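Asker: Enclosed is the structure file input02.cif (mmCIF, C-alpha atoms).
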data_work
loop_
_atom_site.label_atom_id
_atom_site.label_comp_id
_atom_site.auth_asym_id
_atom_site.auth_seq_id
_atom_site.Cartn_x
_atom_site.Cartn_y
_atom_site.Cartn_z
CA MET A 11 -86.89 149.10 98.08
CA LYS A 12 -88.74 146.49 100.07
CA ASP A 13 -92.45 146.34 100.66
CA ILE A 14 -92.18 145.42 104.31
CA CYS A 15 -90.08 146.74 107.17
CA SER A 16 -87.40 144.05 106.87
CA SER A 17 -84.51 146.34 107.79
CA ALA A 18 -86.11 147.64 110.98
CA ILE A 19 -86.31 145.56 114.11
CA ALA A 20 -89.27 145.65 116.45
CA THR A 21 -87.85 146.74 119.76
CA GLY A 22 -90.53 145.41 122.07
CA CYS A 23 -89.70 142.46 124.30
CA GLU A 24 -92.78 140.35 124.59
CA ALA A 25 -90.40 137.39 124.95
CA GLY A 26 -87.76 137.68 127.64
CA CYS A 27 -89.01 140.97 129.06
CA GLY A 28 -87.83 140.02 132.54
CA HIS A 29 -84.33 139.52 131.20
CA VAL A 30 -84.40 143.01 129.68
CA LEU A 31 -85.34 144.51 133.04
CA ASP A 32 -82.65 142.44 134.74
CA ARG A 33 -80.03 143.71 132.29
CA LEU A 34 -81.17 147.29 132.88
CA LEU A 35 -80.66 146.72 136.59
CA GLN A 36 -77.27 145.15 135.99
CA GLY A 37 -76.11 147.83 133.58
CA ALA A 38 -77.15 150.60 135.97
CA GLY A 39 -75.57 148.88 138.97
CA LEU A 40 -78.91 148.44 140.73
CA ARG A 41 -80.43 145.51 142.61
CA ARG A 42 -84.14 146.16 142.93
CA ASP A 43 -86.96 147.17 140.60
CA SER A 44 -87.84 149.99 142.98
CA GLN A 45 -84.39 151.51 142.40
CA LEU A 46 -84.89 151.26 138.65
CA ALA A 47 -88.27 152.97 139.00
CA GLU A 48 -86.63 155.83 140.89
CA LEU A 49 -83.96 156.14 138.20
CA LEU A 50 -86.60 156.26 135.46
CA GLY A 51 -88.87 158.64 137.32
CA VAL A 52 -91.80 156.21 137.29
CA THR A 53 -93.68 154.45 140.04
CA PRO A 54 -92.55 151.03 141.31
CA GLN A 55 -95.96 149.76 140.21
CA ALA A 56 -95.14 150.75 136.61
CA VAL A 57 -92.02 148.58 136.63
CA SER A 58 -93.87 145.71 138.28
CA GLN A 59 -96.62 145.99 135.67
CA ALA A 60 -94.06 145.99 132.84
CA ARG A 61 -92.47 142.84 134.23
CA ARG A 62 -95.88 141.19 134.67
CA LYS A 63 -97.22 142.12 131.24
CA GLY A 64 -93.97 141.30 129.46
CA ARG A 65 -93.52 144.72 127.87
CA VAL A 66 -90.73 147.22 128.59
CA PRO A 67 -91.21 150.69 127.04
CA ASP A 68 -88.49 151.51 124.55
CA GLY A 69 -88.01 154.89 126.22
CA TRP A 70 -86.86 153.17 129.41
CA VAL A 71 -84.22 151.23 127.53
CA LEU A 72 -83.01 154.29 125.65
CA ARG A 73 -82.83 156.38 128.82
CA VAL A 74 -80.80 153.87 130.81
CA ALA A 75 -78.63 152.88 127.85
CA SER A 76 -77.82 156.52 127.16
CA ARG A 77 -76.97 157.34 130.76
CA PHE A 78 -74.76 154.30 131.37
CA ALA A 79 -73.34 153.88 127.82
CA LEU A 80 -74.93 150.46 127.40
CA SER A 81 -75.24 148.53 124.18
CA THR A 82 -78.93 148.36 123.29
CA ASP A 83 -78.22 145.07 121.51
CA TRP A 84 -77.02 143.71 124.85
CA VAL A 85 -79.98 145.16 126.76
CA TYR A 86 -82.60 143.75 124.39
CA PHE A 87 -81.04 140.47 123.33
CA GLY A 88 -78.13 139.76 125.67
CA ARG A 89 -75.69 139.75 122.75
CA GLY A 90 -72.17 141.11 122.87
CA GLU A 91 -70.72 143.25 125.63
CA ALA A 92 -72.68 145.51 127.94
CA ARG A 93 -70.69 148.56 126.86
CA PRO A 94 -70.52 149.42 123.15
CA LEU A 95 -67.50 150.64 121.21
CA ARG A 96 -65.54 153.61 122.47
CA GLY A 97 -67.05 156.85 121.22
CA VAL A 98 -70.51 155.40 120.61
CA SER A 99 -73.49 156.58 122.63
CA SER A 100 -76.30 154.07 122.57
CA SER A 101 -79.42 156.24 122.88
CA LEU A 102 -79.46 157.38 119.27
CA THR A 103 -76.03 155.91 118.50
CA ARG A 104 -74.13 159.15 118.01
CA TYR A 105 -70.71 158.71 116.45
CA GLU A 106 -68.22 160.96 118.19
CA ASN A 107 -65.13 159.07 117.04
CA ALA A 108 -64.86 159.62 113.30
CA GLU A 109 -62.08 157.04 112.98
CA MET A 110 -64.20 154.19 114.33
CA PRO A 111 -67.93 154.71 113.65
CA CYS A 112 -68.66 151.03 113.02
CA GLU A 113 -66.96 147.71 113.47
CA ALA A 114 -67.52 144.90 111.01
CA GLY A 115 -69.18 141.85 112.48
CA ARG A 116 -70.77 143.57 115.47
CA VAL A 117 -74.53 143.69 115.64
CA GLU A 118 -75.36 146.98 117.34
CA MET A 119 -78.61 148.87 117.17
CA ALA A 120 -79.14 152.49 116.23
CA PHE A 121 -82.47 154.14 116.96
CA VAL A 122 -84.01 156.61 114.52
CA PRO A 123 -86.83 158.89 115.66
CA LEU A 124 -90.25 158.83 114.02
CA VAL A 125 -91.31 162.48 113.94
CA SER A 126 -94.83 163.83 113.83
CA ALA A 127 -94.27 165.59 110.49
CA ARG A 128 -96.33 164.08 107.67
CA LEU A 129 -95.07 163.88 104.10
CA ALA A 130 -97.84 164.61 101.63
CA ALA A 131 -97.97 162.47 98.52
CA GLY A 132 -100.50 164.65 96.78
CA MET A 133 -101.57 167.98 98.23
CA GLY A 134 -99.08 169.57 100.59
CA SER A 135 -99.22 168.62 104.26
CA LEU A 136 -99.37 171.25 106.96
CA GLU A 137 -98.41 168.71 109.63
CA SER A 138 -94.76 169.70 109.86
CA GLY A 139 -94.03 169.26 113.55
CA GLY A 140 -90.77 167.75 114.69
CA GLU A 141 -92.06 166.11 117.85
CA VAL A 142 -90.79 162.57 118.33
CA GLU A 143 -93.53 159.94 118.39
CA GLY A 144 -91.25 156.96 118.94
CA TYR A 145 -88.09 155.21 117.82
CA PHE A 146 -87.37 152.37 115.41
CA GLY A 147 -84.28 150.20 115.63
CA PHE A 148 -82.01 149.59 112.66
CA ARG A 149 -78.74 147.75 112.31
CA GLN A 150 -76.04 150.26 113.12
CA GLU A 151 -73.75 148.97 110.37
CA TRP A 152 -76.47 149.41 107.73
CA LEU A 153 -77.20 152.99 108.78
CA CYS A 154 -73.48 153.81 108.75
CA ARG A 155 -73.29 152.79 105.11
CA LYS A 156 -76.18 155.13 104.31
CA GLY A 157 -74.76 158.18 106.08
CA ASP A 158 -74.84 159.85 109.47
CA PRO A 159 -77.58 158.31 111.68
CA ASP A 160 -77.79 161.55 113.67
CA ARG A 161 -79.19 163.30 110.60
CA MET A 162 -81.89 160.72 109.84
CA VAL A 163 -85.58 160.79 110.72
CA LEU A 164 -88.58 158.64 109.91
CA MET A 165 -91.80 160.13 108.55
CA LYS A 166 -95.20 158.78 107.57
CA VAL A 167 -96.57 159.32 104.05
CA PHE A 168 -100.14 160.43 103.35
CA GLY A 169 -101.60 160.37 99.86
CA ASP A 170 -101.17 158.37 96.66
CA SER A 171 -99.11 160.60 94.36
CA MET A 172 -95.99 158.42 94.72
CA GLU A 173 -97.73 155.13 93.97
CA PRO A 174 -97.01 152.44 93.01
CA ASP A 175 -93.58 152.70 94.67
CA ILE A 176 -94.54 154.57 97.85
CA ARG A 177 -98.09 154.17 99.10
CA HIS A 178 -100.37 155.91 101.53
CA GLY A 179 -99.37 154.96 105.08
CA ASP A 180 -95.81 153.96 104.24
CA MET A 181 -92.96 155.05 106.48
CA VAL A 182 -89.87 156.58 104.87
CA LEU A 183 -86.35 157.15 106.15
CA VAL A 184 -85.10 160.64 105.31
CA ASN A 185 -81.40 161.51 105.37
CA GLN A 186 -81.37 165.22 106.14
CA ALA A 187 -77.64 165.41 105.35
CA GLN A 188 -78.34 164.64 101.68
CA THR A 189 -79.85 167.77 100.19
CA GLY A 190 -77.89 167.77 96.94
CA ILE A 191 -80.22 166.96 94.06
CA PHE A 192 -79.59 163.85 91.99
CA GLY A 193 -81.78 163.14 89.00
CA HIS A 194 -84.80 160.92 89.65
CA ALA A 195 -84.02 160.61 93.38
CA ILE A 196 -86.88 161.07 95.85
CA TYR A 197 -86.81 163.82 98.48
CA ALA A 198 -88.77 165.37 101.28
CA VAL A 199 -89.20 168.97 100.18
CA GLY A 200 -90.84 171.96 101.82
CA VAL A 201 -92.69 174.65 99.89
CA ASN A 202 -93.80 177.50 102.13
CA GLU A 203 -95.41 175.78 105.14
CA GLU A 204 -96.24 172.58 103.29
CA ILE A 205 -94.06 169.51 102.94
CA TYR A 206 -94.13 166.95 100.15
CA ILE A 207 -92.47 163.74 99.09
CA LYS A 208 -91.52 164.07 95.44
CA GLN A 209 -89.03 163.09 92.80
CA ILE A 210 -86.97 166.21 92.08
CA GLU A 211 -85.34 167.11 88.80
CA THR A 212 -83.30 170.17 87.91
CA LEU A 213 -83.84 172.18 84.73
CA PRO A 214 -81.70 174.87 83.09
CA GLY A 215 -82.22 178.39 84.36
CA GLY A 216 -82.41 177.56 88.05
CA ARG A 217 -85.67 175.65 87.93
CA LEU A 218 -86.86 172.57 89.78
CA VAL A 219 -89.55 170.09 88.86
CA LEU A 220 -91.38 168.30 91.65
CA ARG A 221 -92.61 165.16 90.00
CA SER A 222 -95.05 162.50 91.22
CA LEU A 223 -94.73 158.83 90.26
CA ASN A 224 -98.51 158.59 89.93
CA ARG A 225 -99.33 159.87 86.45
CA ASN A 226 -102.63 161.28 87.66
CA TYR A 227 -100.68 164.14 89.24
CA ASP A 228 -99.13 166.88 87.14
CA PRO A 229 -95.52 167.93 87.82
CA VAL A 230 -94.95 171.20 89.65
CA GLU A 231 -92.27 173.53 88.32
CA VAL A 232 -90.52 175.93 90.67
CA ASP A 233 -88.39 178.86 89.53
CA LEU A 234 -85.67 179.24 92.15
CA GLN A 235 -84.97 182.74 90.87
CA GLY A 236 -88.57 183.80 91.25
CA ASP A 237 -90.89 184.58 94.13
CA LEU A 238 -90.70 181.04 95.54
CA ALA A 239 -86.89 181.03 95.78
CA ASP A 240 -86.87 181.57 99.54
CA SER A 241 -89.82 179.31 100.25
CA VAL A 242 -88.49 176.06 98.75
CA ARG A 243 -86.19 173.88 100.83
CA VAL A 244 -84.95 170.35 100.32
CA ILE A 245 -85.35 168.63 103.68
CA GLY A 246 -83.49 165.46 102.77
CA ARG A 247 -83.28 162.48 100.50
CA VAL A 248 -85.55 159.48 101.00
CA ILE A 249 -83.20 156.50 101.25
CA TRP A 250 -85.58 153.71 102.38
CA TRP A 251 -89.25 153.00 102.86
CA CYS A 252 -91.47 150.22 104.16
CA ARG A 253 -95.05 149.31 104.85
CA GLU A 254 -96.75 147.07 107.32
CA ALA A 255 -98.24 143.82 106.10
#
Re-express the file's structure as structure tokens.
Answerer:
Amino acid sequence: MKDICSSAIATGCEAGCGHVLDRLLQGAGLRRDSQLAELLGVTPQAVSQARRKGRVPDGWVLRVASRFALSTDWVYFGRGEARPLRGVSSSLTRYENAEMPCEAGRVEMAFVPLVSARLAAGMGSLESGGEVEGYFGFRQEWLCRKGDPDRMVLMKVFGDSMEPDIRHGDMVLVNQAQTGIFGHAIYAVGVNEEIYIKQIETLPGGRLVLRSLNRNYDPVEVDLQGDLADSVRVIGRVIWWCREA
């Protein structure tokens, strides 16, 4: 895993913001910023301010791209065609055509939500909300290789129990479709109302061990045939993580 967010792409448009707004107008079949403001449900002043400050909110791009089936790669960077592949919706890049989820050589963006849930690396976290705080862009082709982008979420890590590999403040990508346990893999796991990020191992007799990478933390053993059987759930496998410089 890499120490910095090299796989994610910052989706702001400090450079070429006016071009992004122009492509939103073009893709939606509009001519004026006031029409775009009406479409977005914001004031004309908000669009004018975005153009002046050189910053278009990602939510605007996602909303227009989703409604008009636009390629977010085209909206942000002017690359490729305005409309993406057949069967691909560009808001969160949902793959409705199983025969053609990705096309080699195309650079399309998929957006994964950062949810408000916090993964505790130490004591369990009670912050388990699923509210979306924002979106991060990844290469569509890379996410396709990892699984179904629709089942992926980003979460922030709090605590030091997974150091040195995963540190306090890191952001992890969780594939919620991967709940099968593989030895020494790292998972987001819920125990009662608390959620953790831990390495999970299986033991004979229907037992699990939630193990920290930091040796200062003792492993936690869970008997799946005991009282905690109904309170333990594997949320998904951690397939990538990063930290800001």
Asker: Could you give me, as JSON lines, every region 218-238 of chain A residue with an atom at most 12 Å from region 159-170 of chain A, plus its closest atom pair and distance in Å to one decimal, counting only C-alpha atoms, rows ordered by chain then number?
Answerer:
{"residue": "A:Ser222", "atom": "CA", "partner": "A:Asp170", "partner_atom": "CA", "distance": 9.2}
{"residue": "A:Leu223", "atom": "CA", "partner": "A:Asp170", "partner_atom": "CA", "distance": 9.1}
{"residue": "A:Asn224", "atom": "CA", "partner": "A:Asp170", "partner_atom": "CA", "distance": 7.2}
{"residue": "A:Arg225", "atom": "CA", "partner": "A:Asp170", "partner_atom": "CA", "distance": 10.5}
{"residue": "A:Asn226", "atom": "CA", "partner": "A:Asp170", "partner_atom": "CA", "distance": 9.6}
{"residue": "A:Tyr227", "atom": "CA", "partner": "A:Asp170", "partner_atom": "CA", "distance": 9.4}
Asker: Which centre and edge lengths in Å to one decimal define the box along x, y and z that fits every listed atom of region 204-222 of chain A plus 5 Å per side, as AutoDock Vina command-line options?
Answerer:
--center_x -89.0 --center_y 170.4 --center_z 93.2 --size_x 24.5 --size_y 25.9 --size_z 30.2
Asker: With distances taken over all atoms listed in the file, which of A:Ala131, A:Ala75, A:Ala56, A:Val201 is nearest to Ala92 (chain A)?
Answerer: A:Ala75
Asker: Given the PyMOL selection byres ((chain A and resi 202-217) around 7) and the file above, list the residues it selects as an mmCIF file with C-alpha atoms, in the coordinates of the input.
Answerer:
data_model
loop_
_atom_site.group_PDB
_atom_site.id
_atom_site.type_symbol
_atom_site.label_atom_id
_atom_site.label_comp_id
_atom_site.auth_asym_id
_atom_site.auth_seq_id
_atom_site.Cartn_x
_atom_site.Cartn_y
_atom_site.Cartn_z
ATOM 1 C CA LEU A 129 -95.070 163.880 104.100
ATOM 2 C CA ALA A 130 -97.840 164.610 101.630
ATOM 3 C CA ALA A 131 -97.970 162.470 98.520
ATOM 4 C CA GLY A 134 -99.080 169.570 100.590
ATOM 5 C CA SER A 135 -99.220 168.620 104.260
ATOM 6 C CA LEU A 136 -99.370 171.250 106.960
ATOM 7 C CA SER A 138 -94.760 169.700 109.860
ATOM 8 C CA GLY A 193 -81.780 163.140 89.000
ATOM 9 C CA HIS A 194 -84.800 160.920 89.650
ATOM 10 C CA ALA A 195 -84.020 160.610 93.380
ATOM 11 C CA ILE A 196 -86.880 161.070 95.850
ATOM 12 C CA TYR A 197 -86.810 163.820 98.480
ATOM 13 C CA ALA A 198 -88.770 165.370 101.280
ATOM 14 C CA VAL A 199 -89.200 168.970 100.180
ATOM 15 C CA GLY A 200 -90.840 171.960 101.820
ATOM 16 C CA VAL A 201 -92.690 174.650 99.890
ATOM 17 C CA LEU A 218 -86.860 172.570 89.780
ATOM 18 C CA VAL A 219 -89.550 170.090 88.860
ATOM 19 C CA LEU A 220 -91.380 168.300 91.650
ATOM 20 C CA ARG A 221 -92.610 165.160 90.000
ATOM 21 C CA SER A 222 -95.050 162.500 91.220
ATOM 22 C CA GLU A 231 -92.270 173.530 88.320
ATOM 23 C CA VAL A 232 -90.520 175.930 90.670
ATOM 24 C CA ASP A 233 -88.390 178.860 89.530
ATOM 25 C CA LEU A 234 -85.670 179.240 92.150
ATOM 26 C CA GLN A 235 -84.970 182.740 90.870
ATOM 27 C CA SER A 241 -89.820 179.310 100.250
ATOM 28 C CA VAL A 242 -88.490 176.060 98.750
#
Asker: One decimal, Å: what's the distance from CA of Asp43 (chain A) over to CA of His29 (chain A), could you say?
Answerer: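 Straight-line distance from CA of Asp43 (chain A) to CA of His29 (chain A) works out to 12.4 Å.
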Asker: Report the residues retrieved by the PyMOL selection byres ((chain A and resi 249) around 10) from the displayed file, expressed as an MDAnalysis selection string.
Answerer: chainID A and resid 11 156:157 162 182:185 188 195:197 246:248 250:251
Asker: Name the residues in contact with Gly39 (chain A) at a cut-off of 12 Å, using only C-alpha atoms, excluding same-chain residues fewer than 4 positions from it; report them as a ChimeraX atom specification.
Answerer: /A:32-35,43,45-46,49,74,77-78,80,92
Asker: I'd like the interatomic distance between CA of Ala120 (chain A) and CA of Pro67 (chain A), to a tenth of an Å.
Answerer: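 Pair CA of Ala120 (chain A) / CA of Pro67 (chain A) returns 16.3 Å.
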Asker: Which distance in Å separates CA of Thr189 (chain A) and CA of Met119 (chain A), to one decimal?
Answerer: 25.4 Å
Asker: Determine the nearest neighbour of Val85 (chain A) from the options A:Leu40, A:Met172, A:Val30, A:Val142, counting only C-alpha atoms.
Answerer: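 Counting only C-alpha atoms, the residue closest to Val85 (chain A) is A:Val30.
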